[in-house]
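Data from my_file.cif: mmCIF, C-alpha atoms (C1' of nucleotides)
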```
data_query
loop_
_atom_site.label_atom_id
_atom_site.label_comp_id
_atom_site.auth_asym_id
_atom_site.auth_seq_id
_atom_site.Cartn_x
_atom_site.Cartn_y
_atom_site.Cartn_z
CA MET A 1 -9.07 30.58 27.00
CA ARG A 2 -8.46 28.81 30.25
CA VAL A 3 -10.14 30.13 33.41
CA SER A 4 -9.43 29.95 37.13
CA ARG A 5 -10.42 27.00 39.25
CA GLU A 6 -13.03 29.12 40.96
CA GLN A 7 -14.46 29.99 37.58
CA VAL A 8 -14.62 26.31 36.72
CA THR A 9 -16.74 25.68 39.80
CA ALA A 10 -18.94 28.63 38.96
CA ASN A 11 -19.30 27.44 35.37
CA ARG A 12 -20.36 23.99 36.42
CA GLU A 13 -22.90 25.54 38.72
CA GLN A 14 -24.24 27.67 35.89
CA ILE A 15 -24.57 24.63 33.63
CA VAL A 16 -26.56 22.71 36.23
CA VAL A 17 -28.74 25.67 37.20
CA ASN A 18 -29.58 26.60 33.64
CA ALA A 19 -30.17 23.01 32.65
CA ALA A 20 -32.49 22.56 35.64
CA GLU A 21 -34.57 25.53 34.56
CA GLN A 22 -34.81 24.52 30.93
CA PHE A 23 -35.41 20.82 31.62
CA ARG A 24 -38.21 21.61 34.05
CA ARG A 25 -39.89 23.96 31.62
CA ARG A 26 -39.45 22.07 28.36
CA GLY A 27 -38.50 18.51 29.27
CA PHE A 28 -35.29 16.61 28.57
CA GLY A 29 -35.92 16.05 24.89
CA ASP A 30 -36.60 19.60 23.81
CA VAL A 31 -33.50 21.08 25.42
CA THR A 32 -30.17 20.78 23.63
CA ILE A 33 -26.66 20.88 25.02
CA ALA A 34 -26.15 24.02 22.98
CA ASP A 35 -29.19 25.63 24.66
CA VAL A 36 -27.85 24.91 28.11
CA MET A 37 -24.29 26.00 27.38
CA LYS A 38 -25.44 29.18 25.72
CA ALA A 39 -27.52 30.06 28.79
CA ALA A 40 -24.47 29.32 30.93
CA GLY A 41 -22.36 31.66 28.79
CA LEU A 42 -20.18 28.93 27.32
CA THR A 43 -19.81 27.23 23.98
CA HIS A 44 -21.39 23.96 23.00
CA GLY A 45 -18.19 21.96 22.79
CA GLY A 46 -17.10 22.84 26.30
CA PHE A 47 -19.90 20.79 27.80
CA TYR A 48 -18.04 17.49 27.67
CA GLY A 49 -15.39 18.78 29.99
CA TYR A 50 -18.05 18.84 32.69
CA PHE A 51 -20.27 15.87 31.92
CA ASP A 52 -19.79 12.63 30.05
CA SER A 53 -23.15 12.83 28.35
CA LYS A 54 -26.51 14.55 28.30
CA GLN A 55 -27.89 11.76 30.48
CA ALA A 56 -25.30 12.51 33.12
CA LEU A 57 -26.50 16.12 33.18
CA GLU A 58 -30.12 14.97 33.47
CA ALA A 59 -29.15 12.90 36.50
CA ALA A 60 -27.23 15.75 38.12
CA VAL A 61 -30.18 18.10 37.61
CA CYS A 62 -32.69 15.64 39.05
CA GLU A 63 -30.54 14.71 42.02
CA ARG A 64 -30.24 18.33 43.09
CA GLY A 65 -33.79 19.32 42.20
CA LEU A 66 -35.37 16.42 44.06
CA ALA A 67 -33.34 17.15 47.17
CA GLU A 68 -34.56 20.75 47.02
CA SER A 69 -38.16 19.58 46.75
CA VAL A 70 -37.81 17.39 49.82
CA ALA A 71 -36.14 20.24 51.68
CA ALA A 72 -39.02 22.56 50.78
CA VAL A 73 -41.50 20.31 52.60
CA ASP A 74 -39.20 19.97 55.57
CA ALA A 75 -38.81 23.74 55.76
CA VAL A 76 -42.54 24.11 56.35
CA ARG A 77 -42.51 21.33 58.92
CA ASP A 78 -39.74 23.06 60.83
CA GLY A 79 -41.82 26.20 61.04
CA GLU A 80 -40.13 28.38 58.50
CA GLY A 81 -43.51 29.96 57.85
CA GLY A 82 -42.22 33.42 57.20
CA GLU A 83 -45.26 35.48 56.28
CA GLY A 84 -48.87 34.39 56.12
CA THR A 85 -51.20 33.29 58.86
CA ALA A 86 -49.06 31.66 61.50
CA ALA A 87 -52.16 29.88 62.77
CA GLU A 88 -52.62 28.09 59.46
CA ALA A 89 -51.97 24.39 59.60
CA PRO A 90 -48.57 23.40 58.13
CA LEU A 91 -50.09 20.90 55.70
CA ARG A 92 -52.54 23.44 54.34
CA ARG A 93 -49.80 26.03 54.06
CA PHE A 94 -47.61 23.73 51.98
CA VAL A 95 -50.48 22.46 49.84
CA ASP A 96 -51.68 25.98 49.09
CA ASP A 97 -48.21 26.93 47.94
CA TYR A 98 -47.63 23.81 45.85
CA VAL A 99 -51.04 23.41 44.24
CA SER A 100 -51.09 26.98 42.99
CA ALA A 101 -51.19 29.04 39.82
CA ARG A 102 -47.79 30.40 40.74
CA HIS A 103 -46.26 26.93 40.79
CA ARG A 104 -48.16 25.93 37.64
CA ASP A 105 -46.80 28.93 35.74
CA ALA A 106 -43.20 28.66 36.91
CA PRO A 107 -42.11 25.05 36.38
CA GLU A 108 -38.52 26.19 35.92
CA GLU A 109 -38.33 27.14 39.59
CA GLY A 110 -40.84 24.59 40.82
CA CYS A 111 -40.90 20.97 41.94
CA THR A 112 -38.82 18.51 39.92
CA VAL A 113 -41.37 15.76 40.52
CA ALA A 114 -44.22 17.77 39.04
CA ALA A 115 -42.05 18.89 36.14
CA LEU A 116 -40.15 15.74 35.21
CA ALA A 117 -41.90 12.67 36.64
CA CYS A 118 -43.30 11.87 33.19
CA ASP A 119 -39.88 12.11 31.60
CA ALA A 120 -38.55 9.89 34.39
CA GLY A 121 -41.16 7.29 33.51
CA ARG A 122 -39.56 7.09 30.07
CA SER A 123 -36.00 7.07 31.38
CA GLY A 124 -33.74 4.32 32.64
CA PRO A 125 -33.42 2.81 36.12
CA GLU A 126 -30.51 5.08 37.07
CA LEU A 127 -32.61 8.22 36.74
CA GLN A 128 -35.66 6.54 38.24
CA GLN A 129 -33.62 5.62 41.32
CA LEU A 130 -33.25 9.34 42.01
CA PHE A 131 -37.03 9.70 41.87
CA VAL A 132 -37.35 6.85 44.36
CA SER A 133 -35.49 8.96 46.90
CA GLY A 134 -37.28 12.17 45.97
CA ILE A 135 -40.80 10.77 46.02
CA THR A 136 -40.25 8.78 49.19
CA GLY A 137 -38.72 11.81 50.86
CA MET A 138 -41.51 14.19 49.88
CA ALA A 139 -44.25 11.73 50.86
CA GLY A 140 -42.52 11.07 54.17
CA SER A 141 -42.28 14.75 55.00
CA LEU A 142 -45.89 15.26 53.93
CA ALA A 143 -46.95 12.58 56.42
CA GLY A 144 -45.08 14.57 59.04
CA LEU A 145 -47.00 17.72 58.15
CA ARG A 146 -50.32 15.93 58.44
CA GLY A 147 -51.42 15.91 62.04
CA GLN A 148 -48.98 18.66 62.91
CA GLY A 149 -50.83 21.69 64.27
CA SER A 150 -54.16 20.22 63.25
CA ALA A 151 -57.01 18.36 64.88
CA GLU A 152 -56.12 15.31 62.90
CA PRO A 153 -54.75 12.37 64.88
CA ALA A 154 -51.19 11.43 64.06
CA GLU A 155 -51.46 8.62 61.56
CA ASP A 156 -49.20 5.67 61.90
CA GLY A 157 -48.92 4.97 58.28
CA GLY A 158 -45.60 5.90 56.67
CA PRO A 159 -45.13 8.23 53.71
CA ASP A 160 -48.27 9.91 52.42
CA PHE A 161 -48.15 8.86 48.77
CA ALA A 162 -51.85 9.56 48.27
CA THR A 163 -51.61 13.25 49.09
CA LEU A 164 -48.48 13.59 46.97
CA SER A 165 -50.32 11.95 44.06
CA THR A 166 -53.17 14.44 44.37
CA MET A 167 -50.82 17.41 44.48
CA VAL A 168 -48.56 16.34 41.62
CA GLY A 169 -51.50 15.19 39.52
CA ALA A 170 -53.30 18.49 39.95
CA VAL A 171 -50.27 20.55 38.91
CA ILE A 172 -49.75 18.37 35.84
CA LEU A 173 -53.42 18.52 34.84
CA SER A 174 -53.59 22.27 35.43
CA ARG A 175 -50.57 22.73 33.16
CA ALA A 176 -52.13 20.54 30.47
CA VAL A 177 -55.00 23.01 30.02
CA ALA A 178 -53.50 26.32 31.19
CA ALA A 179 -52.94 27.73 27.70
CA ALA A 180 -56.42 26.80 26.46
CA ASP A 181 -58.64 27.30 29.50
CA PRO A 182 -57.16 29.19 32.45
CA GLU A 183 -60.43 29.05 34.36
CA LEU A 184 -60.61 25.26 34.18
CA SER A 185 -56.97 25.15 35.20
CA GLU A 186 -57.84 27.13 38.33
CA ARG A 187 -60.79 24.88 39.16
CA ILE A 188 -58.56 21.82 39.02
CA LEU A 189 -56.10 23.41 41.42
CA ALA A 190 -58.81 24.59 43.82
CA ALA A 191 -60.47 21.16 43.98
CA ALA A 192 -57.17 19.40 44.60
CA ARG A 193 -56.11 21.92 47.25
CA GLU A 194 -59.22 21.23 49.24
CA ARG A 195 -58.89 17.47 48.90
CA ALA A 196 -55.20 17.35 49.76
CA SER A 197 -55.61 19.54 52.84
CA ALA A 198 -58.70 17.74 54.13
CA PRO A 199 -58.37 15.26 56.99
CA VAL A 200 -58.39 11.61 56.02
CA GLU A 201 -60.68 9.14 57.72
CA MET B 1 -48.52 1.43 -5.97
CA ARG B 2 -51.95 2.89 -5.57
CA VAL B 3 -54.46 1.08 -3.31
CA SER B 4 -58.23 0.89 -3.04
CA ARG B 5 -60.28 3.48 -1.22
CA GLU B 6 -61.06 0.95 1.46
CA GLN B 7 -57.37 0.34 1.90
CA VAL B 8 -56.82 4.09 2.29
CA THR B 9 -59.30 4.16 5.15
CA ALA B 10 -57.65 1.15 6.74
CA ASN B 11 -54.20 2.69 6.30
CA ARG B 12 -55.25 5.91 7.98
CA GLU B 13 -56.66 3.88 10.85
CA GLN B 14 -53.39 1.99 11.16
CA ILE B 15 -51.41 5.21 11.25
CA VAL B 16 -53.55 6.65 14.05
CA VAL B 17 -53.66 3.42 16.05
CA ASN B 18 -49.93 2.81 15.86
CA ALA B 19 -49.14 6.45 16.59
CA ALA B 20 -51.44 6.34 19.62
CA GLU B 21 -49.60 3.35 21.02
CA GLN B 22 -46.15 4.74 20.43
CA PHE B 23 -46.96 8.28 21.61
CA ARG B 24 -48.50 6.98 24.82
CA ARG B 25 -45.53 4.77 25.57
CA ARG B 26 -42.67 7.03 24.52
CA GLY B 27 -44.11 10.55 24.25
CA PHE B 28 -44.42 12.78 21.19
CA GLY B 29 -40.78 13.69 20.94
CA ASP B 30 -39.25 10.24 20.92
CA VAL B 31 -41.48 8.88 18.18
CA THR B 32 -40.67 9.67 14.56
CA ILE B 33 -42.91 9.73 11.52
CA ALA B 34 -40.80 6.88 10.17
CA ASP B 35 -41.49 4.83 13.31
CA VAL B 36 -45.22 5.27 12.98
CA MET B 37 -45.34 4.58 9.24
CA LYS B 38 -43.17 1.52 9.57
CA ALA B 39 -45.50 0.13 12.23
CA ALA B 40 -48.43 0.88 9.94
CA GLY B 41 -46.73 -0.99 7.10
CA LEU B 42 -46.11 2.08 4.96
CA THR B 43 -43.14 4.18 3.96
CA HIS B 44 -42.07 7.37 5.61
CA GLY B 45 -42.87 9.63 2.68
CA GLY B 46 -46.46 8.49 2.44
CA PHE B 47 -47.35 10.10 5.75
CA TYR B 48 -48.00 13.53 4.30
CA GLY B 49 -50.81 12.22 2.17
CA TYR B 50 -52.71 11.63 5.42
CA PHE B 51 -51.65 14.45 7.69
CA ASP B 52 -50.26 17.92 7.13
CA SER B 53 -47.71 17.61 9.91
CA LYS B 54 -46.64 15.62 12.93
CA GLN B 55 -48.61 18.03 15.12
CA ALA B 56 -51.78 17.20 13.20
CA LEU B 57 -51.21 13.53 13.96
CA GLU B 58 -50.64 14.31 17.64
CA ALA B 59 -53.99 16.10 17.72
CA ALA B 60 -55.79 13.25 15.95
CA VAL B 61 -54.33 10.75 18.39
CA CYS B 62 -55.27 12.80 21.45
CA GLU B 63 -58.77 13.56 20.24
CA ARG B 64 -59.57 9.90 19.82
CA GLY B 65 -57.70 8.69 22.89
CA LEU B 66 -59.31 11.23 25.20
CA ALA B 67 -62.78 10.33 23.94
CA GLU B 68 -62.00 6.69 24.68
CA SER B 69 -60.90 7.57 28.21
CA VAL B 70 -64.14 9.42 28.90
CA ALA B 71 -66.10 6.53 27.43
CA ALA B 72 -64.29 4.09 29.73
CA VAL B 73 -65.59 5.90 32.81
CA ASP B 74 -69.09 6.09 31.38
CA ALA B 75 -69.03 2.37 30.63
CA VAL B 76 -68.57 1.63 34.34
CA ARG B 77 -71.31 4.08 35.26
CA ASP B 78 -73.72 2.41 32.88
CA GLY B 79 -73.11 -0.89 34.62
CA GLU B 80 -70.92 -2.63 32.12
CA GLY B 81 -69.29 -4.40 35.03
CA GLY B 82 -68.65 -7.64 33.26
CA GLU B 83 -66.77 -9.82 35.72
CA GLY B 84 -65.80 -9.08 39.28
CA THR B 85 -67.96 -8.48 42.32
CA ALA B 86 -71.19 -7.00 41.09
CA ALA B 87 -71.77 -5.62 44.56
CA GLU B 88 -68.61 -3.54 44.36
CA ALA B 89 -69.23 0.19 44.19
CA PRO B 90 -68.80 1.61 40.67
CA LEU B 91 -66.27 4.22 41.80
CA ARG B 92 -64.11 1.66 43.51
CA ARG B 93 -64.34 -0.63 40.53
CA PHE B 94 -63.10 2.05 38.17
CA VAL B 95 -60.40 3.30 40.52
CA ASP B 96 -59.05 -0.21 41.09
CA ASP B 97 -58.78 -0.73 37.35
CA TYR B 98 -57.21 2.66 36.61
CA VAL B 99 -54.78 2.94 39.52
CA SER B 100 -53.25 -0.45 38.86
CA ALA B 101 -50.01 -2.16 37.93
CA ARG B 102 -51.66 -3.31 34.73
CA HIS B 103 -52.41 0.27 33.68
CA ARG B 104 -48.98 1.43 34.81
CA ASP B 105 -47.25 -1.21 32.69
CA ALA B 106 -49.34 -0.74 29.55
CA PRO B 107 -49.43 2.97 28.77
CA GLU B 108 -49.83 2.19 25.08
CA GLU B 109 -53.31 0.87 25.71
CA GLY B 110 -54.06 3.04 28.73
CA CYS B 111 -55.44 6.48 29.47
CA THR B 112 -54.26 9.32 27.24
CA VAL B 113 -54.42 11.77 30.15
CA ALA B 114 -52.07 9.69 32.29
CA ALA B 115 -49.75 9.09 29.35
CA LEU B 116 -49.62 12.49 27.65
CA ALA B 117 -50.79 15.22 30.03
CA CYS B 118 -47.18 16.27 30.60
CA ASP B 119 -46.53 16.50 26.88
CA ALA B 120 -49.75 18.50 26.55
CA GLY B 121 -48.44 20.96 29.13
CA ARG B 122 -45.57 21.68 26.76
CA SER B 123 -47.77 21.86 23.66
CA GLY B 124 -49.81 24.63 22.11
CA PRO B 125 -53.36 25.75 22.86
CA GLU B 126 -54.85 23.65 20.05
CA LEU B 127 -53.71 20.41 21.63
CA GLN B 128 -54.50 21.65 25.12
CA GLN B 129 -58.07 22.37 24.04
CA LEU B 130 -58.51 18.64 23.44
CA PHE B 131 -57.35 17.99 27.00
CA VAL B 132 -59.91 20.51 28.25
CA SER B 133 -62.65 18.28 26.87
CA GLY B 134 -61.02 15.06 28.00
CA ILE B 135 -60.26 16.14 31.55
CA THR B 136 -63.63 17.80 32.06
CA GLY B 137 -65.37 14.73 30.66
CA MET B 138 -63.50 12.26 32.82
CA ALA B 139 -63.93 14.34 35.98
CA GLY B 140 -67.62 14.79 35.23
CA SER B 141 -68.17 11.08 34.80
CA LEU B 142 -66.16 10.36 37.94
CA ALA B 143 -68.49 12.64 39.88
CA GLY B 144 -71.34 10.53 38.52
CA LEU B 145 -69.71 7.35 39.80
CA ARG B 146 -69.26 8.81 43.25
CA GLY B 147 -72.45 8.35 45.22
CA GLN B 148 -73.68 5.71 42.79
CA GLY B 149 -74.26 2.42 44.59
CA SER B 150 -72.53 3.74 47.68
CA ALA B 151 -73.52 5.13 51.03
CA GLU B 152 -72.11 8.46 50.02
CA PRO B 153 -74.63 11.27 49.54
CA ALA B 154 -74.86 12.61 46.01
CA GLU B 155 -72.62 15.64 45.96
CA ASP B 156 -73.77 18.71 44.16
CA GLY B 157 -70.46 19.81 43.06
CA GLY B 158 -69.66 19.37 39.40
CA PRO B 159 -66.75 17.42 37.94
CA ASP B 160 -64.54 15.63 40.45
CA PHE B 161 -61.15 17.09 39.53
CA ALA B 162 -59.63 16.12 42.88
CA THR B 163 -60.18 12.40 42.44
CA LEU B 164 -58.93 12.58 38.86
CA SER B 165 -55.79 14.37 40.08
CA THR B 166 -55.13 11.63 42.62
CA MET B 167 -55.60 8.88 40.05
CA VAL B 168 -53.54 10.45 37.28
CA GLY B 169 -50.84 11.57 39.70
CA ALA B 170 -50.50 8.10 41.17
CA VAL B 171 -50.12 6.44 37.77
CA ILE B 172 -47.49 8.98 36.73
CA LEU B 173 -45.55 8.62 40.00
CA SER B 174 -45.75 4.84 39.89
CA ARG B 175 -44.32 4.91 36.36
CA ALA B 176 -41.51 7.23 37.42
CA VAL B 177 -40.12 4.60 39.80
CA ALA B 178 -41.34 1.32 38.28
CA ALA B 179 -38.02 0.36 36.70
CA ALA B 180 -36.00 1.12 39.84
CA ASP B 181 -38.29 0.09 42.70
CA PRO B 182 -41.35 -1.99 41.81
CA GLU B 183 -42.35 -2.33 45.44
CA LEU B 184 -42.46 1.42 45.98
CA SER B 185 -44.40 1.72 42.76
CA GLU B 186 -47.00 -0.65 44.17
CA ARG B 187 -47.22 1.23 47.45
CA ILE B 188 -47.95 4.46 45.63
CA LEU B 189 -50.75 2.81 43.68
CA ALA B 190 -52.24 1.16 46.76
CA ALA B 191 -52.25 4.38 48.77
CA ALA B 192 -53.88 6.34 45.95
CA ARG B 193 -56.49 3.64 45.33
CA GLU B 194 -57.63 3.83 48.91
CA ARG B 195 -57.72 7.62 48.92
CA ALA B 196 -59.53 7.95 45.61
CA SER B 197 -62.19 5.40 46.53
CA ALA B 198 -62.78 6.76 50.01
CA PRO B 199 -65.83 8.94 50.71
CA VAL B 200 -65.21 12.66 50.89
CA GLU B 201 -66.46 14.73 53.76
"C1'" DA C 1 -56.95 10.20 -15.75
"C1'" DT C 2 -56.64 10.22 -11.11
"C1'" DT C 3 -54.28 9.44 -6.96
"C1'" DA C 4 -52.00 6.86 -3.18
"C1'" DT C 5 -47.54 5.26 -2.46
"C1'" DC C 6 -42.60 4.97 -2.91
"C1'" DT C 7 -37.78 6.60 -3.69
"C1'" DA C 8 -34.63 10.00 -2.93
"C1'" DT C 9 -33.18 14.00 -0.88
"C1'" DA C 10 -33.06 18.84 0.84
"C1'" DG C 11 -32.45 21.36 4.88
"C1'" DA C 12 -32.09 21.58 9.59
"C1'" DT C 13 -30.64 19.82 14.02
"C1'" DC C 14 -28.39 17.21 17.58
"C1'" DT C 15 -24.83 14.50 20.27
"C1'" DA C 16 -20.27 13.83 20.71
"C1'" DT C 17 -15.35 14.29 19.40
"C1'" DA C 18 -10.77 16.07 17.70
"C1'" DG C 19 -7.43 19.34 17.63
"C1'" DA C 20 -6.10 24.16 18.35
"C1'" DT C 21 -5.84 27.99 21.57
"C1'" DA C 22 -4.70 30.56 25.54
"C1'" DA C 23 -4.71 31.43 30.49
"C1'" DT C 24 -3.69 29.40 35.06
"C1'" DG C 25 -0.75 27.65 38.67
"C1'" DC C 26 3.17 24.88 40.05
"C1'" DA D 1 3.26 22.17 31.73
"C1'" DT D 2 -1.32 21.67 32.58
"C1'" DT D 3 -5.97 22.21 31.45
"C1'" DA D 4 -10.41 24.57 30.44
"C1'" DT D 5 -12.40 26.47 26.50
"C1'" DC D 6 -13.27 27.24 21.66
"C1'" DT D 7 -13.64 26.15 16.65
"C1'" DA D 8 -14.89 22.95 13.43
"C1'" DT D 9 -16.86 18.90 12.09
"C1'" DA D 10 -18.13 13.92 11.84
"C1'" DG D 11 -21.97 11.01 11.99
"C1'" DA D 12 -26.59 10.31 12.79
"C1'" DT D 13 -31.41 11.71 12.74
"C1'" DC D 14 -35.62 14.04 11.75
"C1'" DT D 15 -39.39 16.72 9.33
"C1'" DA D 16 -41.04 17.74 5.11
"C1'" DT D 17 -41.02 17.87 0.00
"C1'" DA D 18 -40.41 16.72 -5.04
"C1'" DG D 19 -40.93 13.78 -8.61
"C1'" DA D 20 -41.52 9.04 -10.28
"C1'" DT D 21 -44.33 4.89 -10.15
"C1'" DA D 22 -48.20 1.99 -10.60
"C1'" DA D 23 -52.86 0.53 -9.43
"C1'" DT D 24 -57.70 2.10 -9.05
"C1'" DG D 25 -62.09 3.68 -10.77
"C1'" DC D 26 -64.65 6.63 -13.91
#
```
Could you write out this structure as structure tokens?
Amino acid sequence: MRVSREQVTANREQIVVNAAEQFRRRGFGDVTIADVMKAAGLTHGGFYGYFDSKQALEAAVCERGLAESVAAVDAVRDGEGGEGTAAEAPLRRFVDDYVSARHRDAPEEGCTVAALACDAGRSGPELQQLFVSGITGMAGSLAGLRGQGSAEPAEDGGPDFATLSTMVGAVILSRAVAAADPELSERILAAARERASAPVE
Amino acid sequence: MRVSREQVTANREQIVVNAAEQFRRRGFGDVTIADVMKAAGLTHGGFYGYFDSKQALEAAVCERGLAESVAAVDAVRDGEGGEGTAAEAPLRRFVDDYVSARHRDAPEEGCTVAALACDAGRSGPELQQLFVSGITGMAGSLAGLRGQGSAEPAEDGGPDFATLSTMVGAVILSRAVAAADPELSERILAAARERASAPVE
DNA sequence: ATTATCTATAGATCTATAGATAATGC
DNA sequence: ATTATCTATAGATCTATAGATAATGC
């Protein structure tokens, strides 16, 4: 039942990718090793050939996911607008994409911070250290977006943790009521979009 | 081993209070019925005389905790300042208390929204309905604080979901890094405090 | 007599490991 | 021969229930 070395690489990739999706949708605790391995097309017992423990997989998933989230902000900064109004300010463009019903409804392909920050708050320092990099990186890139292409003066002030808080908070709150009151969920997102995109004094 | 009717009432209270503390600190999934009953001074098996299921306990805990969170905002609005600078604007006073290291470090006695909104996002519509009331109530009371005792004109615009997003988001982010980087955690809180207290255009 | 609690356990689940199996790659 | 995977299972845990126990309150 052995496979080629290329297949081993591909299998590891599948484990991480499937774990990332399931963790972001359901949290660390509700996803089992068997769930992840089944989605990756492997058996439960094979997992420990790839990772020492479930915690090690959680760390691998967060490390990659957080880097992707930082890269997503940077992509907007570097003018990878693609479609949409090219005249739209970069900050507003990113905020509108992040604080959206689409993002709310697809946590498995969305931001790791919005999906797993709460779980990180209940995890150990090793995992939290990954969120230090991710949160600092996202807030730093957000500060870069602010002022860019807008009438707003370039602020001095380091990473924009306040705007990140608004955006992440809104996605989390919108998810907390989405199944019971979709209209309220939308109002939360709309209010936060406006606030996060608005100039600061 | 039967107890008086008064004791039954007190026991139920102990179950809810201890569950509220443990759920807010560790989340629904990491707390067992046995944990809660032990903290309440009862045995595991006795739980089902009080609640039909763990989910029913989760709902009872959230219903009470969310009402307390709404009441905490209203208390500031109604001028229950207590200590501190009486001249301080009500909004700032509440924000400074909520977006704080004290609140970050004591989720068990803190806001249910900040502690369990993520878990609610992974729960069913019944639990989410409780968050509909809690979030709407808190955002409505926050809108009342804004403008009160400040130079800011009284806004028309309904519940202040944007400010609530900033506050909840900041507490969640600060908790996600607290064990790894206390200084960063403080910077997040400070940035969000300033943003949430600032006038809006 | 009623009823809240306790003891004991069924049934299910989960992480992690041990040993067998079979295909790769020197 | 090496090694990735699979089968099977140990050991621990968790929700929920059944039946026994013992104190309350009519």
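Every residue of chain D that lies within 10 Å of chain A is listed here, counting all atoms listed in the file: DT3, DA4, DT5, DC6, DT7 and DA8 of chain D.
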Restricting the output to C-alpha atoms (C1' of nucleotides), write the selected residues as a PDB file, keeping the file's coordinate frame.
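See selection-v7.pdb below for the written result:
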```pdb
ATOM      1  C1'  DT D   3      -5.970  22.210  31.450  1.00  0.00           C
ATOM      2  C1'  DA D   4     -10.410  24.570  30.440  1.00  0.00           C
ATOM      3  C1'  DT D   5     -12.400  26.470  26.500  1.00  0.00           C
ATOM      4  C1'  DC D   6     -13.270  27.240  21.660  1.00  0.00           C
ATOM      5  C1'  DT D   7     -13.640  26.150  16.650  1.00  0.00           C
ATOM      6  C1'  DA D   8     -14.890  22.950  13.430  1.00  0.00           C
TER       7       DA D   8
END
```
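Here CA of Glu201 in chain A is placed at a distance of 14.2 Å from CA of Ala143 in chain A.
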What are the residues of chain A that have an atom within 6 Å of an atom of chain B, counting all atoms listed in the file, as a PDB file with C-alpha atoms, in the frame of the given file?
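New file result.pdb:
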```pdb
ATOM      1  CA  ALA A 117     -41.900  12.670  36.640  1.00  0.00           C
ATOM      2  CA  ALA A 120     -38.550   9.890  34.390  1.00  0.00           C
ATOM      3  CA  GLY A 121     -41.160   7.290  33.510  1.00  0.00           C
ATOM      4  CA  PRO A 125     -33.420   2.810  36.120  1.00  0.00           C
ATOM      5  CA  GLN A 128     -35.660   6.540  38.240  1.00  0.00           C
ATOM      6  CA  GLN A 129     -33.620   5.620  41.320  1.00  0.00           C
ATOM      7  CA  VAL A 132     -37.350   6.850  44.360  1.00  0.00           C
ATOM      8  CA  PHE A 161     -48.150   8.860  48.770  1.00  0.00           C
ATOM      9  CA  ALA A 162     -51.850   9.560  48.270  1.00  0.00           C
ATOM     10  CA  SER A 165     -50.320  11.950  44.060  1.00  0.00           C
ATOM     11  CA  THR A 166     -53.170  14.440  44.370  1.00  0.00           C
ATOM     12  CA  VAL A 168     -48.560  16.340  41.620  1.00  0.00           C
ATOM     13  CA  GLY A 169     -51.500  15.190  39.520  1.00  0.00           C
ATOM     14  CA  ALA A 170     -53.300  18.490  39.950  1.00  0.00           C
ATOM     15  CA  ARG A 175     -50.570  22.730  33.160  1.00  0.00           C
ATOM     16  CA  ALA A 176     -52.130  20.540  30.470  1.00  0.00           C
ATOM     17  CA  VAL A 177     -55.000  23.010  30.020  1.00  0.00           C
ATOM     18  CA  ALA A 179     -52.940  27.730  27.700  1.00  0.00           C
ATOM     19  CA  ALA A 180     -56.420  26.800  26.460  1.00  0.00           C
ATOM     20  CA  ILE A 188     -58.560  21.820  39.020  1.00  0.00           C
ATOM     21  CA  ALA A 191     -60.470  21.160  43.980  1.00  0.00           C
ATOM     22  CA  ALA A 192     -57.170  19.400  44.600  1.00  0.00           C
TER      23      ALA A 192
END
```
Problem set entry | Shell around Val17 in chain B at 12 Å using only C-alpha atoms (C1' of nucleotides), local window under 6 positions removed, as number ranges by chain | B: 10-11, 23-24, 36-37, 39-40, 57-58, 60-62, 64-65, 108-109
Residues just named, written with C-alpha atoms as a PDB file, keeping the file's coordinate frame:
```pdb
ATOM      1  CA  ALA B  10     -57.650   1.150   6.740  1.00  0.00           C
ATOM      2  CA  ASN B  11     -54.200   2.690   6.300  1.00  0.00           C
ATOM      3  CA  PHE B  23     -46.960   8.280  21.610  1.00  0.00           C
ATOM      4  CA  ARG B  24     -48.500   6.980  24.820  1.00  0.00           C
ATOM      5  CA  VAL B  36     -45.220   5.270  12.980  1.00  0.00           C
ATOM      6  CA  MET B  37     -45.340   4.580   9.240  1.00  0.00           C
ATOM      7  CA  ALA B  39     -45.500   0.130  12.230  1.00  0.00           C
ATOM      8  CA  ALA B  40     -48.430   0.880   9.940  1.00  0.00           C
ATOM      9  CA  LEU B  57     -51.210  13.530  13.960  1.00  0.00           C
ATOM     10  CA  GLU B  58     -50.640  14.310  17.640  1.00  0.00           C
ATOM     11  CA  ALA B  60     -55.790  13.250  15.950  1.00  0.00           C
ATOM     12  CA  VAL B  61     -54.330  10.750  18.390  1.00  0.00           C
ATOM     13  CA  CYS B  62     -55.270  12.800  21.450  1.00  0.00           C
ATOM     14  CA  ARG B  64     -59.570   9.900  19.820  1.00  0.00           C
ATOM     15  CA  GLY B  65     -57.700   8.690  22.890  1.00  0.00           C
ATOM     16  CA  GLU B 108     -49.830   2.190  25.080  1.00  0.00           C
ATOM     17  CA  GLU B 109     -53.310   0.870  25.710  1.00  0.00           C
TER      18      GLU B 109
END
```
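For DA10 in chain C, the residues within 12 Å (counting only C-alpha atoms (C1' of nucleotides), excluding itself and residues fewer than 2 positions away along the chain) are DA8 and DA12 of chain C; DT15, DA16, DT17 and DA18 of chain D.
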Seminar exercise, completed: note - CA of Val73 in chain B and CA of Val99 in chain B are separated by 13.1 Å
Could you give me the axis-aligned bounding box of range 3-16 of chain C, with 4 Å of padding per side, as centre plus edge lengths in Å to one decimal, as AutoDock Vina command-line options?
```
--center_x -37.3 --center_y 13.3 --center_z 6.9 --size_x 42.0 --size_y 24.6 --size_z 35.7
```
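The two atoms in question, CA of Ser69 in chain B and CA of Leu91 in chain B, are spaced 15.0 Å apart.
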